[in-house]
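Engineer: Got a file for you: structure-v4.pdb, PDB, C-alpha atoms.
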```
ATOM      1  CA  MET U   1      99.457 -17.585  56.129
ATOM      2  CA  SER U   2      97.901 -19.189  53.083
ATOM      3  CA  ALA U   3      95.874 -16.049  52.375
ATOM      4  CA  GLY U   4      98.817 -14.297  50.710
ATOM      5  CA  PRO U   5      98.387 -15.581  47.132
ATOM      6  CA  VAL U   6      94.625 -15.019  47.255
ATOM      7  CA  VAL U   7      95.078 -11.424  48.394
ATOM      8  CA  ASP U   8      97.704 -10.936  45.685
ATOM      9  CA  ALA U   9      95.275 -12.279  43.075
ATOM     10  CA  VAL U  10      92.554  -9.895  44.271
ATOM     11  CA  ALA U  11      95.085  -7.042  44.136
ATOM     12  CA  ALA U  12      96.042  -8.005  40.578
ATOM     13  CA  GLY U  13      92.355  -8.014  39.631
ATOM     14  CA  CYS U  14      91.877  -4.536  41.095
ATOM     15  CA  LEU U  15      94.952  -3.214  39.270
ATOM     16  CA  ILE U  16      93.805  -4.666  35.950
ATOM     17  CA  GLY U  17      90.299  -3.264  36.469
ATOM     18  CA  GLY U  18      91.690   0.203  37.089
ATOM     19  CA  ALA U  19      93.932  -0.045  34.034
ATOM     20  CA  LEU U  20      90.960  -1.151  31.897
ATOM     21  CA  LEU U  21      88.966   1.886  33.073
ATOM     22  CA  SER U  22      91.925   4.104  32.118
ATOM     23  CA  LEU U  23      92.003   2.482  28.684
ATOM     24  CA  SER U  24      88.263   3.024  28.241
ATOM     25  CA  ALA U  25      88.747   6.694  29.066
ATOM     26  CA  GLY U  26      91.572   6.927  26.526
ATOM     27  CA  VAL U  27      89.400   5.401  23.798
ATOM     28  CA  ALA U  28      86.426   7.574  24.761
ATOM     29  CA  LEU U  29      88.503  10.765  24.734
ATOM     30  CA  LEU U  30      89.360  10.025  21.112
ATOM     31  CA  ARG U  31      85.922   8.933  19.955
ATOM     32  CA  PHE U  32      83.444  11.159  21.813
ATOM     33  CA  PRO U  33      82.359  14.211  19.862
ATOM     34  CA  ASP U  34      82.249  17.188  22.245
ATOM     35  CA  LEU U  35      83.617  18.613  25.478
ATOM     36  CA  LEU U  36      80.862  17.494  27.848
ATOM     37  CA  SER U  37      80.857  13.867  26.744
ATOM     38  CA  ARG U  38      84.648  13.834  26.974
ATOM     39  CA  MET U  39      84.357  15.147  30.530
ATOM     40  CA  HIS U  40      81.935  12.311  31.266
ATOM     41  CA  ALA U  41      84.511   9.816  30.027
ATOM     42  CA  ALA U  42      87.324  11.530  31.929
ATOM     43  CA  THR U  43      85.731  10.870  35.320
ATOM     44  CA  LYS U  44      86.141   7.087  35.022
ATOM     45  CA  PRO U  45      89.898   6.812  35.604
ATOM     46  CA  GLN U  46      89.893   9.853  37.889
ATOM     47  CA  VAL U  47      87.588   8.280  40.469
ATOM     48  CA  LEU U  48      86.750   4.596  40.074
ATOM     49  CA  GLY U  49      89.877   3.593  38.180
ATOM     50  CA  LEU U  50      92.204   5.358  40.588
ATOM     51  CA  LEU U  51      90.377   3.987  43.642
ATOM     52  CA  LEU U  52      90.607   0.440  42.236
ATOM     53  CA  VAL U  53      94.351   0.859  41.656
ATOM     54  CA  LEU U  54      94.793   2.250  45.175
ATOM     55  CA  VAL U  55      92.860  -0.693  46.672
ATOM     56  CA  GLY U  56      95.066  -3.080  44.711
ATOM     57  CA  CYS U  57      98.181  -1.236  45.894
ATOM     58  CA  GLY U  58      96.988  -1.367  49.517
ATOM     59  CA  LEU U  59      96.285  -5.094  49.238
ATOM     60  CA  ARG U  60      99.847  -5.594  48.021
ATOM     61  CA  LEU U  61     101.650  -3.329  50.503
ATOM     62  CA  ARG U  62      99.677  -4.286  53.672
ATOM     63  CA  THR U  63     101.449  -1.922  56.063
ATOM     64  CA  GLY U  64      99.692   0.712  58.155
ATOM     65  CA  GLY U  65     101.610   3.781  57.024
ATOM     66  CA  ASP U  66     101.327   2.976  53.334
ATOM     67  CA  ILE U  67      97.597   2.294  53.616
ATOM     68  CA  ALA U  68      97.114   5.627  55.419
ATOM     69  CA  THR U  69      98.970   7.361  52.570
ATOM     70  CA  LEU U  70      96.780   5.573  50.012
ATOM     71  CA  LEU U  71      93.634   6.670  51.890
ATOM     72  CA  LEU U  72      94.940  10.267  51.790
ATOM     73  CA  ILE U  73      95.522  10.008  48.037
ATOM     74  CA  GLY U  74      91.992   8.728  47.478
ATOM     75  CA  ALA U  75      90.444  11.409  49.696
ATOM     76  CA  PHE U  76      92.338  14.261  48.026
ATOM     77  CA  GLN U  77      91.504  12.948  44.567
ATOM     78  CA  LEU U  78      87.798  12.720  45.458
ATOM     79  CA  ALA U  79      87.922  16.269  46.845
ATOM     80  CA  THR U  80      89.765  17.928  43.964
ATOM     81  CA  ALA U  81      88.497  16.179  40.809
ATOM     82  CA  PRO U  82      84.944  17.676  41.090
ATOM     83  CA  VAL U  83      86.393  21.189  41.521
ATOM     84  CA  ALA U  84      88.411  20.887  38.327
ATOM     85  CA  ALA U  85      85.460  19.356  36.439
ATOM     86  CA  HIS U  86      83.147  22.122  37.654
ATOM     87  CA  MET U  87      85.522  24.866  36.545
ATOM     88  CA  ILE U  88      86.085  23.260  33.137
ATOM     89  CA  GLY U  89      82.372  22.709  32.582
ATOM     90  CA  ARG U  90      81.583  26.304  33.571
ATOM     91  CA  ALA U  91      84.269  27.724  31.298
ATOM     92  CA  GLY U  92      83.059  25.439  28.492
ATOM     93  CA  TYR U  93      79.462  26.607  28.857
ATOM     94  CA  ARG U  94      80.462  30.256  28.865
ATOM     95  CA  ASP U  95      82.714  29.577  25.905
ATOM     96  CA  ARG U  96      79.641  28.310  23.965
ATOM     97  CA  GLN U  97      81.135  24.853  23.595
ATOM     98  CA  ALA U  98      78.145  23.273  25.289
ATOM     99  CA  ASP U  99      75.233  24.424  23.094
ATOM    100  CA  SER U 100      75.364  21.917  20.291
ATOM    101  CA  GLU U 101      72.582  19.684  18.977
ATOM    102  CA  LEU U 102      73.948  16.926  21.185
ATOM    103  CA  LEU U 103      72.417  18.491  24.296
ATOM    104  CA  LEU U 104      68.997  17.022  25.089
ATOM    105  CA  THR U 105      68.089  19.665  27.656
ATOM    106  CA  ASP U 106      69.766  22.884  28.717
ATOM    107  CA  GLU U 107      68.395  23.877  32.105
ATOM    108  CA  LEU U 108      70.795  26.788  32.496
ATOM    109  CA  ALA U 109      69.726  28.669  29.369
ATOM    110  CA  PRO U 110      66.246  29.796  30.611
ATOM    111  CA  VAL U 111      67.795  31.057  33.848
ATOM    112  CA  ILE U 112      70.361  33.079  31.931
ATOM    113  CA  ASP U 113      67.632  34.475  29.648
ATOM    114  CA  GLN U 114      65.591  35.502  32.684
ATOM    115  CA  LEU U 115      68.591  37.206  34.265
ATOM    116  CA  ASP U 116      69.405  39.018  31.020
ATOM    117  CA  ARG U 117      65.859  40.377  30.747
ATOM    118  CA  ARG U 118      65.997  41.951  34.199
TER     119      ARG U 118
ATOM    120  CA  MET F   1     101.798 -11.063  39.556
ATOM    121  CA  SER F   2     104.331 -10.374  36.795
ATOM    122  CA  TYR F   3     101.761 -11.213  34.090
ATOM    123  CA  ALA F   4      99.334  -8.842  35.768
ATOM    124  CA  ALA F   5     102.038  -6.161  35.971
ATOM    125  CA  GLY F   6     102.769  -6.546  32.260
ATOM    126  CA  ALA F   7      99.081  -6.329  31.401
ATOM    127  CA  VAL F   8      98.603  -3.246  33.583
ATOM    128  CA  ALA F   9     101.673  -1.576  32.050
ATOM    129  CA  ALA F  10     100.442  -2.283  28.515
ATOM    130  CA  LEU F  11      96.900  -1.056  29.232
ATOM    131  CA  LEU F  12      98.126   2.135  30.889
ATOM    132  CA  ALA F  13     100.622   2.775  28.077
ATOM    133  CA  VAL F  14      97.905   2.472  25.425
ATOM    134  CA  ALA F  15      95.561   4.663  27.483
ATOM    135  CA  GLY F  16      98.258   7.309  27.906
ATOM    136  CA  SER F  17      99.045   7.280  24.171
ATOM    137  CA  LEU F  18      95.384   7.745  23.227
ATOM    138  CA  THR F  19      95.117  10.593  25.737
ATOM    139  CA  LEU F  20      98.248  12.198  24.263
ATOM    140  CA  VAL F  21      96.651  12.060  20.811
ATOM    141  CA  ARG F  22      93.664  13.968  22.208
ATOM    142  CA  ILE F  23      95.989  16.521  23.841
ATOM    143  CA  ILE F  24      97.727  17.096  20.501
ATOM    144  CA  ARG F  25      94.589  17.176  18.322
ATOM    145  CA  GLY F  26      91.942  18.393  20.754
ATOM    146  CA  PRO F  27      90.190  21.312  19.071
ATOM    147  CA  SER F  28      89.908  23.602  22.082
ATOM    148  CA  THR F  29      92.030  24.386  25.122
ATOM    149  CA  LEU F  30      89.389  22.874  27.412
ATOM    150  CA  ASP F  31      89.482  19.554  25.550
ATOM    151  CA  ARG F  32      93.211  19.545  26.100
ATOM    152  CA  MET F  33      92.757  20.272  29.810
ATOM    153  CA  VAL F  34      90.306  17.388  30.214
ATOM    154  CA  ALA F  35      92.772  15.096  28.480
ATOM    155  CA  THR F  36      95.587  16.422  30.682
ATOM    156  CA  ASP F  37      93.574  15.585  33.801
ATOM    157  CA  VAL F  38      93.054  12.060  32.483
ATOM    158  CA  LEU F  39      96.768  11.755  31.726
ATOM    159  CA  LEU F  40      97.535  12.820  35.301
ATOM    160  CA  ALA F  41      95.157  10.168  36.656
ATOM    161  CA  ILE F  42      96.832   7.565  34.425
ATOM    162  CA  THR F  43     100.250   8.666  35.721
ATOM    163  CA  VAL F  44      99.089   8.324  39.329
ATOM    164  CA  ALA F  45      97.681   4.877  38.533
ATOM    165  CA  ALA F  46     100.964   3.856  36.903
ATOM    166  CA  ILE F  47     103.091   4.964  39.874
ATOM    167  CA  ALA F  48     100.713   3.204  42.294
ATOM    168  CA  ALA F  49     100.840   0.034  40.169
ATOM    169  CA  GLU F  50     104.635   0.180  40.211
ATOM    170  CA  ALA F  51     104.576   0.531  44.012
ATOM    171  CA  ALA F  52     102.214  -2.443  44.189
ATOM    172  CA  TYR F  53     104.405  -4.577  41.939
ATOM    173  CA  THR F  54     107.662  -3.916  43.781
ATOM    174  CA  ARG F  55     105.992  -3.792  47.252
ATOM    175  CA  ASP F  56     107.833  -0.516  47.834
ATOM    176  CA  GLY F  57     105.907   2.460  49.170
ATOM    177  CA  THR F  58     108.637   5.046  48.576
ATOM    178  CA  ALA F  59     106.814   6.786  45.721
ATOM    179  CA  LEU F  60     103.487   7.178  47.528
ATOM    180  CA  PRO F  61     104.134  10.731  48.915
ATOM    181  CA  VAL F  62     104.570  11.865  45.289
ATOM    182  CA  LEU F  63     101.047  10.640  44.641
ATOM    183  CA  VAL F  64      99.719  12.648  47.602
ATOM    184  CA  VAL F  65     101.211  15.827  46.132
ATOM    185  CA  LEU F  66      99.873  14.990  42.654
ATOM    186  CA  SER F  67      96.366  14.359  43.955
ATOM    187  CA  ILE F  68      96.341  17.624  45.947
ATOM    188  CA  LEU F  69      97.858  19.888  43.293
ATOM    189  CA  GLY F  70      96.733  18.157  40.099
ATOM    190  CA  PHE F  71      93.549  20.187  39.829
ATOM    191  CA  THR F  72      95.190  23.631  40.100
ATOM    192  CA  SER F  73      96.313  23.642  36.468
ATOM    193  CA  SER F  74      92.832  22.947  35.123
ATOM    194  CA  VAL F  75      91.276  25.545  37.432
ATOM    195  CA  GLY F  76      93.823  28.120  36.318
ATOM    196  CA  VAL F  77      93.417  27.354  32.631
ATOM    197  CA  ALA F  78      89.625  27.356  32.950
ATOM    198  CA  ARG F  79      89.741  30.851  34.477
ATOM    199  CA  PHE F  80      92.146  31.980  31.756
ATOM    200  CA  VAL F  81      89.909  30.695  28.956
ATOM    201  CA  GLY F  82      86.929  32.442  30.508
ATOM    202  CA  ARG F  83      88.766  35.774  30.623
ATOM    203  CA  GLU F  84      90.239  35.433  27.157
ATOM    204  CA  ARG F  85      86.975  35.314  25.240
ATOM    205  CA  ARG F  86      85.170  38.103  27.038
TER     206      ARG F  86
END
```
What does this structure look like when you write it as C-alpha coordinates?

Structural biologist:
Amino acid sequence: MSAGPVVDAVAAGCLIGGALLSLSAGVALLRFPDLLSRMHAATKPQVLGLLLVLVGCGLRLRTGGDIATLLLIGAFQLATAPVAAHMIGRAGYRDRQADSELLLTDELAPVIDQLDRR
Amino acid sequence: MSYAAGAVAALLAVAGSLTLVRIIRGPSTLDRMVATDVLLAITVAAIAAEAAYTRDGTALPVLVVLSILGFTSSVGVARFVGRERR
(Lines of atoms letter the chains of each structure in order from A and count residues from 1; the text may use other names and numbers.)
(Lines give C-alpha, C1' and ligand atoms only; values in the text may rest on other atoms or scores of the structure.)
Protein backbone atom coordinates (compact mmCIF):
# COMPACT_ATOMS: atom_id res chain seq x y z
CA MET A 1 0.00 0.00 0.00
CA SER A 2 2.94 2.30 -0.58
CA ALA A 3 1.57 3.31 -3.99
CA GLY A 4 -0.88 5.80 -2.48
CA PRO A 5 1.38 8.89 -2.29
CA VAL A 6 2.76 8.23 -5.77
CA VAL A 7 -0.73 7.99 -7.25
CA ASP A 8 -1.69 11.16 -5.38
CA ALA A 9 1.35 12.95 -6.82
CA VAL A 10 0.42 11.84 -10.34
CA ALA A 11 -3.15 13.03 -9.71
CA ALA A 12 -1.85 16.41 -8.52
CA GLY A 13 0.26 16.67 -11.67
CA CYS A 14 -2.76 15.93 -13.86
CA LEU A 15 -4.88 18.51 -12.02
CA ILE A 16 -2.20 21.19 -12.34
CA GLY A 17 -1.74 20.38 -16.04
CA GLY A 18 -5.45 20.78 -16.67
CA ALA A 19 -5.52 24.05 -14.75
CA LEU A 20 -2.54 25.34 -16.76
CA LEU A 21 -4.36 24.52 -20.01
CA SER A 22 -7.39 26.44 -18.71
CA LEU A 23 -5.15 29.40 -17.91
CA SER A 24 -3.61 29.28 -21.39
CA ALA A 25 -7.09 29.37 -22.88
CA GLY A 26 -7.99 32.36 -20.70
CA VAL A 27 -4.90 34.26 -21.84
CA ALA A 28 -5.46 33.29 -25.47
CA LEU A 29 -9.11 34.37 -25.40
CA LEU A 30 -7.93 37.84 -24.41
CA ARG A 31 -4.99 38.11 -26.79
CA PHE A 32 -6.10 36.37 -30.00
CA PRO A 33 -7.52 38.72 -32.60
CA ASP A 34 -10.57 37.05 -34.19
CA LEU A 35 -13.32 34.50 -33.66
CA LEU A 36 -11.68 31.50 -35.32
CA SER A 37 -8.39 31.77 -33.45
CA ARG A 38 -10.32 32.21 -30.21
CA MET A 39 -12.24 29.03 -31.02
CA HIS A 40 -8.91 27.28 -31.55
CA ALA A 41 -7.80 28.38 -28.09
CA ALA A 42 -11.14 27.42 -26.54
CA THR A 43 -10.74 23.74 -27.42
CA LYS A 44 -7.76 23.28 -25.09
CA PRO A 45 -9.57 23.32 -21.73
CA GLN A 46 -12.70 21.78 -23.26
CA VAL A 47 -10.97 18.56 -24.30
CA LEU A 48 -7.42 17.99 -23.07
CA GLY A 49 -7.63 20.15 -19.96
CA LEU A 50 -10.91 18.62 -18.83
CA LEU A 51 -9.72 15.07 -19.55
CA LEU A 52 -6.53 15.69 -17.53
CA VAL A 53 -8.58 17.00 -14.60
CA LEU A 54 -10.92 14.00 -14.83
CA VAL A 55 -7.95 11.59 -14.86
CA GLY A 56 -6.55 13.34 -11.80
CA CYS A 57 -9.95 13.15 -10.09
CA GLY A 58 -10.25 9.43 -10.90
CA LEU A 59 -6.76 8.77 -9.54
CA ARG A 60 -7.79 10.45 -6.30
CA LEU A 61 -11.24 8.88 -5.87
CA ARG A 62 -10.35 5.28 -6.93
CA THR A 63 -13.83 3.81 -6.59
CA GLY A 64 -15.70 2.06 -9.39
CA GLY A 65 -18.86 4.15 -9.43
CA ASP A 66 -17.04 7.47 -9.38
CA ILE A 67 -14.69 6.40 -12.17
CA ALA A 68 -17.69 5.30 -14.28
CA THR A 69 -19.25 8.74 -13.72
CA LEU A 70 -15.98 10.43 -14.73
CA LEU A 71 -15.83 8.31 -17.91
CA LEU A 72 -19.41 9.41 -18.70
CA ILE A 73 -18.44 13.06 -18.21
CA GLY A 74 -15.48 12.70 -20.54
CA ALA A 75 -17.52 10.88 -23.19
CA PHE A 76 -20.34 13.44 -23.15
CA GLN A 77 -17.89 16.33 -23.29
CA LEU A 78 -16.10 14.77 -26.28
CA ALA A 79 -19.46 14.23 -28.00
CA THR A 80 -20.94 17.68 -27.42
CA ALA A 81 -18.00 20.11 -27.69
CA PRO A 82 -17.53 19.54 -31.48
CA VAL A 83 -21.26 20.14 -32.09
CA ALA A 84 -21.14 23.50 -30.34
CA ALA A 85 -17.88 24.46 -32.10
CA HIS A 86 -19.33 23.49 -35.48
CA MET A 87 -22.47 25.56 -34.95
CA ILE A 88 -20.49 28.59 -33.75
CA GLY A 89 -18.02 28.35 -36.63
CA ARG A 90 -20.85 28.04 -39.16
CA ALA A 91 -22.73 31.00 -37.71
CA GLY A 92 -19.48 32.99 -37.63
CA TYR A 93 -18.74 32.26 -41.29
CA ARG A 94 -22.24 33.22 -42.37
CA ASP A 95 -21.98 36.31 -40.20
CA ARG A 96 -18.87 37.36 -42.21
CA GLN A 97 -16.68 37.22 -39.13
CA ALA A 98 -14.36 34.73 -40.77
CA ASP A 99 -13.24 36.58 -43.93
CA SER A 100 -10.47 38.75 -42.59
CA GLU A 101 -6.89 39.04 -43.82
CA LEU A 102 -5.91 36.56 -41.13
CA LEU A 103 -7.30 33.64 -43.14
CA LEU A 104 -4.60 31.96 -45.24
CA THR A 105 -7.03 29.91 -47.31
CA ASP A 106 -10.80 29.88 -47.55
CA GLU A 107 -11.87 26.60 -49.12
CA LEU A 108 -15.57 27.28 -48.61
CA ALA A 109 -15.71 30.50 -50.62
CA PRO A 110 -15.24 28.94 -54.12
CA VAL A 111 -17.95 26.38 -53.36
CA ILE A 112 -20.36 29.11 -52.32
CA ASP A 113 -19.51 31.13 -55.45
CA GLN A 114 -20.17 28.08 -57.62
CA LEU A 115 -23.51 27.45 -55.92
CA ASP A 116 -24.50 31.11 -56.30
CA ARG A 117 -23.77 31.04 -60.03
CA ARG A 118 -26.09 28.09 -60.63
CA MET B 1 -1.94 17.74 -2.05
CA SER B 2 -3.00 20.99 -0.37
CA TYR B 3 -0.28 22.95 -2.20
CA ALA B 4 -1.48 21.43 -5.45
CA ALA B 5 -5.09 22.29 -4.57
CA GLY B 6 -4.11 25.90 -3.88
CA ALA B 7 -2.21 26.12 -7.15
CA VAL B 8 -5.10 24.61 -9.11
CA ALA B 9 -7.58 26.98 -7.44
CA ALA B 10 -5.41 30.01 -8.24
CA LEU B 11 -4.85 28.96 -11.87
CA LEU B 12 -8.54 28.28 -12.45
CA ALA B 13 -9.53 31.56 -10.78
CA VAL B 14 -7.19 33.56 -13.02
CA ALA B 15 -8.39 31.65 -16.09
CA GLY B 16 -12.02 32.29 -15.18
CA SER B 17 -11.36 36.01 -14.63
CA LEU B 18 -9.65 36.37 -18.02
CA THR B 19 -12.55 34.53 -19.66
CA LEU B 20 -15.02 36.85 -17.90
CA VAL B 21 -13.16 39.85 -19.31
CA ARG B 22 -13.62 38.40 -22.80
CA ILE B 23 -17.33 37.79 -22.12
CA ILE B 24 -17.74 41.43 -21.07
CA ARG B 25 -15.64 42.99 -23.85
CA GLY B 26 -15.99 40.45 -26.65
CA PRO B 27 -17.04 42.39 -29.74
CA SER B 28 -19.62 39.95 -31.08
CA THR B 29 -22.16 37.57 -29.59
CA LEU B 30 -20.23 34.58 -30.95
CA ASP B 31 -17.04 35.66 -29.18
CA ARG B 32 -19.05 35.79 -25.99
CA MET B 33 -20.44 32.31 -26.63
CA VAL B 34 -16.96 30.86 -27.17
CA ALA B 35 -15.83 32.46 -23.93
CA THR B 36 -18.94 31.13 -22.16
CA ASP B 37 -18.11 27.60 -23.32
CA VAL B 38 -14.59 28.01 -21.94
CA LEU B 39 -15.99 29.32 -18.66
CA LEU B 40 -18.23 26.26 -18.44
CA ALA B 41 -15.24 23.96 -19.01
CA ILE B 42 -13.33 25.83 -16.29
CA THR B 43 -16.30 25.43 -13.93
CA VAL B 44 -16.43 21.69 -14.60
CA ALA B 45 -12.68 21.46 -14.01
CA ALA B 46 -13.03 23.38 -10.74
CA ILE B 47 -15.83 21.14 -9.41
CA ALA B 48 -13.86 18.01 -10.41
CA ALA B 49 -10.74 19.39 -8.71
CA GLU B 50 -12.76 20.05 -5.56
CA ALA B 51 -14.07 16.46 -5.66
CA ALA B 52 -10.50 15.23 -6.09
CA TYR B 53 -9.22 17.32 -3.18
CA THR B 54 -11.90 16.26 -0.70
CA ARG B 55 -12.13 12.66 -2.06
CA ASP B 56 -15.90 13.14 -2.21
CA GLY B 57 -17.75 12.16 -5.37
CA THR B 58 -21.07 13.77 -4.44
CA ALA B 59 -20.80 16.57 -7.01
CA LEU B 60 -19.96 14.34 -9.97
CA PRO B 61 -23.58 13.89 -11.25
CA VAL B 62 -23.73 17.69 -11.61
CA LEU B 63 -20.78 17.43 -13.98
CA VAL B 64 -22.59 14.79 -16.06
CA VAL B 65 -25.54 17.15 -16.52
CA LEU B 66 -23.22 20.08 -17.34
CA SER B 67 -21.31 18.07 -19.94
CA ILE B 68 -24.53 16.86 -21.61
CA LEU B 69 -26.41 20.17 -21.62
CA GLY B 70 -23.54 22.67 -21.77
CA PHE B 71 -23.54 22.81 -25.55
CA THR B 72 -27.26 23.58 -25.97
CA SER B 73 -26.83 27.27 -25.15
CA SER B 74 -24.15 27.80 -27.79
CA VAL B 75 -26.14 25.87 -30.40
CA GLY B 76 -29.22 27.94 -29.64
CA VAL B 77 -27.37 31.25 -29.71
CA ALA B 78 -25.56 30.28 -32.92
CA ARG B 79 -28.91 29.59 -34.61
CA PHE B 80 -30.29 32.87 -33.26
CA VAL B 81 -27.34 34.89 -34.58
CA GLY B 82 -27.72 33.25 -37.98
CA ARG B 83 -31.40 34.18 -38.18
CA GLU B 84 -30.90 37.70 -36.87
CA ARG B 85 -28.64 38.94 -39.65
CA ARG B 86 -30.52 37.50 -42.58

Engineer: Check the smallest atom-to-atom distance from each of U:Ala84, U:Leu108, U:Val47, U:Val10 to chain F using only C-alpha atoms, then report the winner.

Structural biologist: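 Comparing U:Ala84, U:Leu108, U:Val47, U:Val10 against chain F, the winner is U:Ala84.
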
Engineer: When the ChimeraX specification (/F :<6) & /U is applied to the structure above, which residues does it catch, written out as a PyMOL selection string?

Structural biologist: chain U and resi 12+16+19+22-23+26+30+35+42+46+50+57+60-61+73+76-77+84+87-88+91

Engineer: What's the separation between atom CA of Pro5 of chain U and atom CA of Thr63 of chain U, in Å to one decimal place?

Structural biologist: 16.6 Å

Engineer: Just to confirm, what's the straight-line distance from atom CA of Tyr93 of chain U to atom CA of Gly49 of chain U in Å (one decimal)?

Structural biologist: 26.9 Å

Engineer: For a quick check of understanding, using only C-alpha atoms, which of U:Leu103, U:Ala9, U:Pro110, U:Arg118 has the smallest distance to Asp34 of chain U?

Structural biologist: U:Leu103

Engineer: Would you work out the distance separating atom CA of Arg90 of chain U from atom CA of Met39 of chain U, expressed in Å to one decimal?

Structural biologist: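 Distance reported for this atom pair: 11.9 Å.
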
Engineer: Applying 10 Å and only C-alpha atoms, which residues near Ala75 of chain U remain after dropping the ones on its own chain fewer than 3 positions away? List them as a list of chain:residue names.

Structural biologist: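 Skipping anything fewer than 3 positions along the chain leaves U:Leu51, U:Thr69, U:Leu70, U:Leu71, U:Leu72, U:Leu78, U:Ala79, U:Thr80, F:Val64, F:Ser67, F:Ile68.
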
Engineer: So, counting all atoms listed in the file, which residue among U:Asp95, U:Gly13, U:Gly65, U:Ala85 is closest to Ala41 of chain U?

Structural biologist: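 Among U:Asp95, U:Gly13, U:Gly65, U:Ala85, it is U:Ala85 that comes nearest to Ala41 of chain U.
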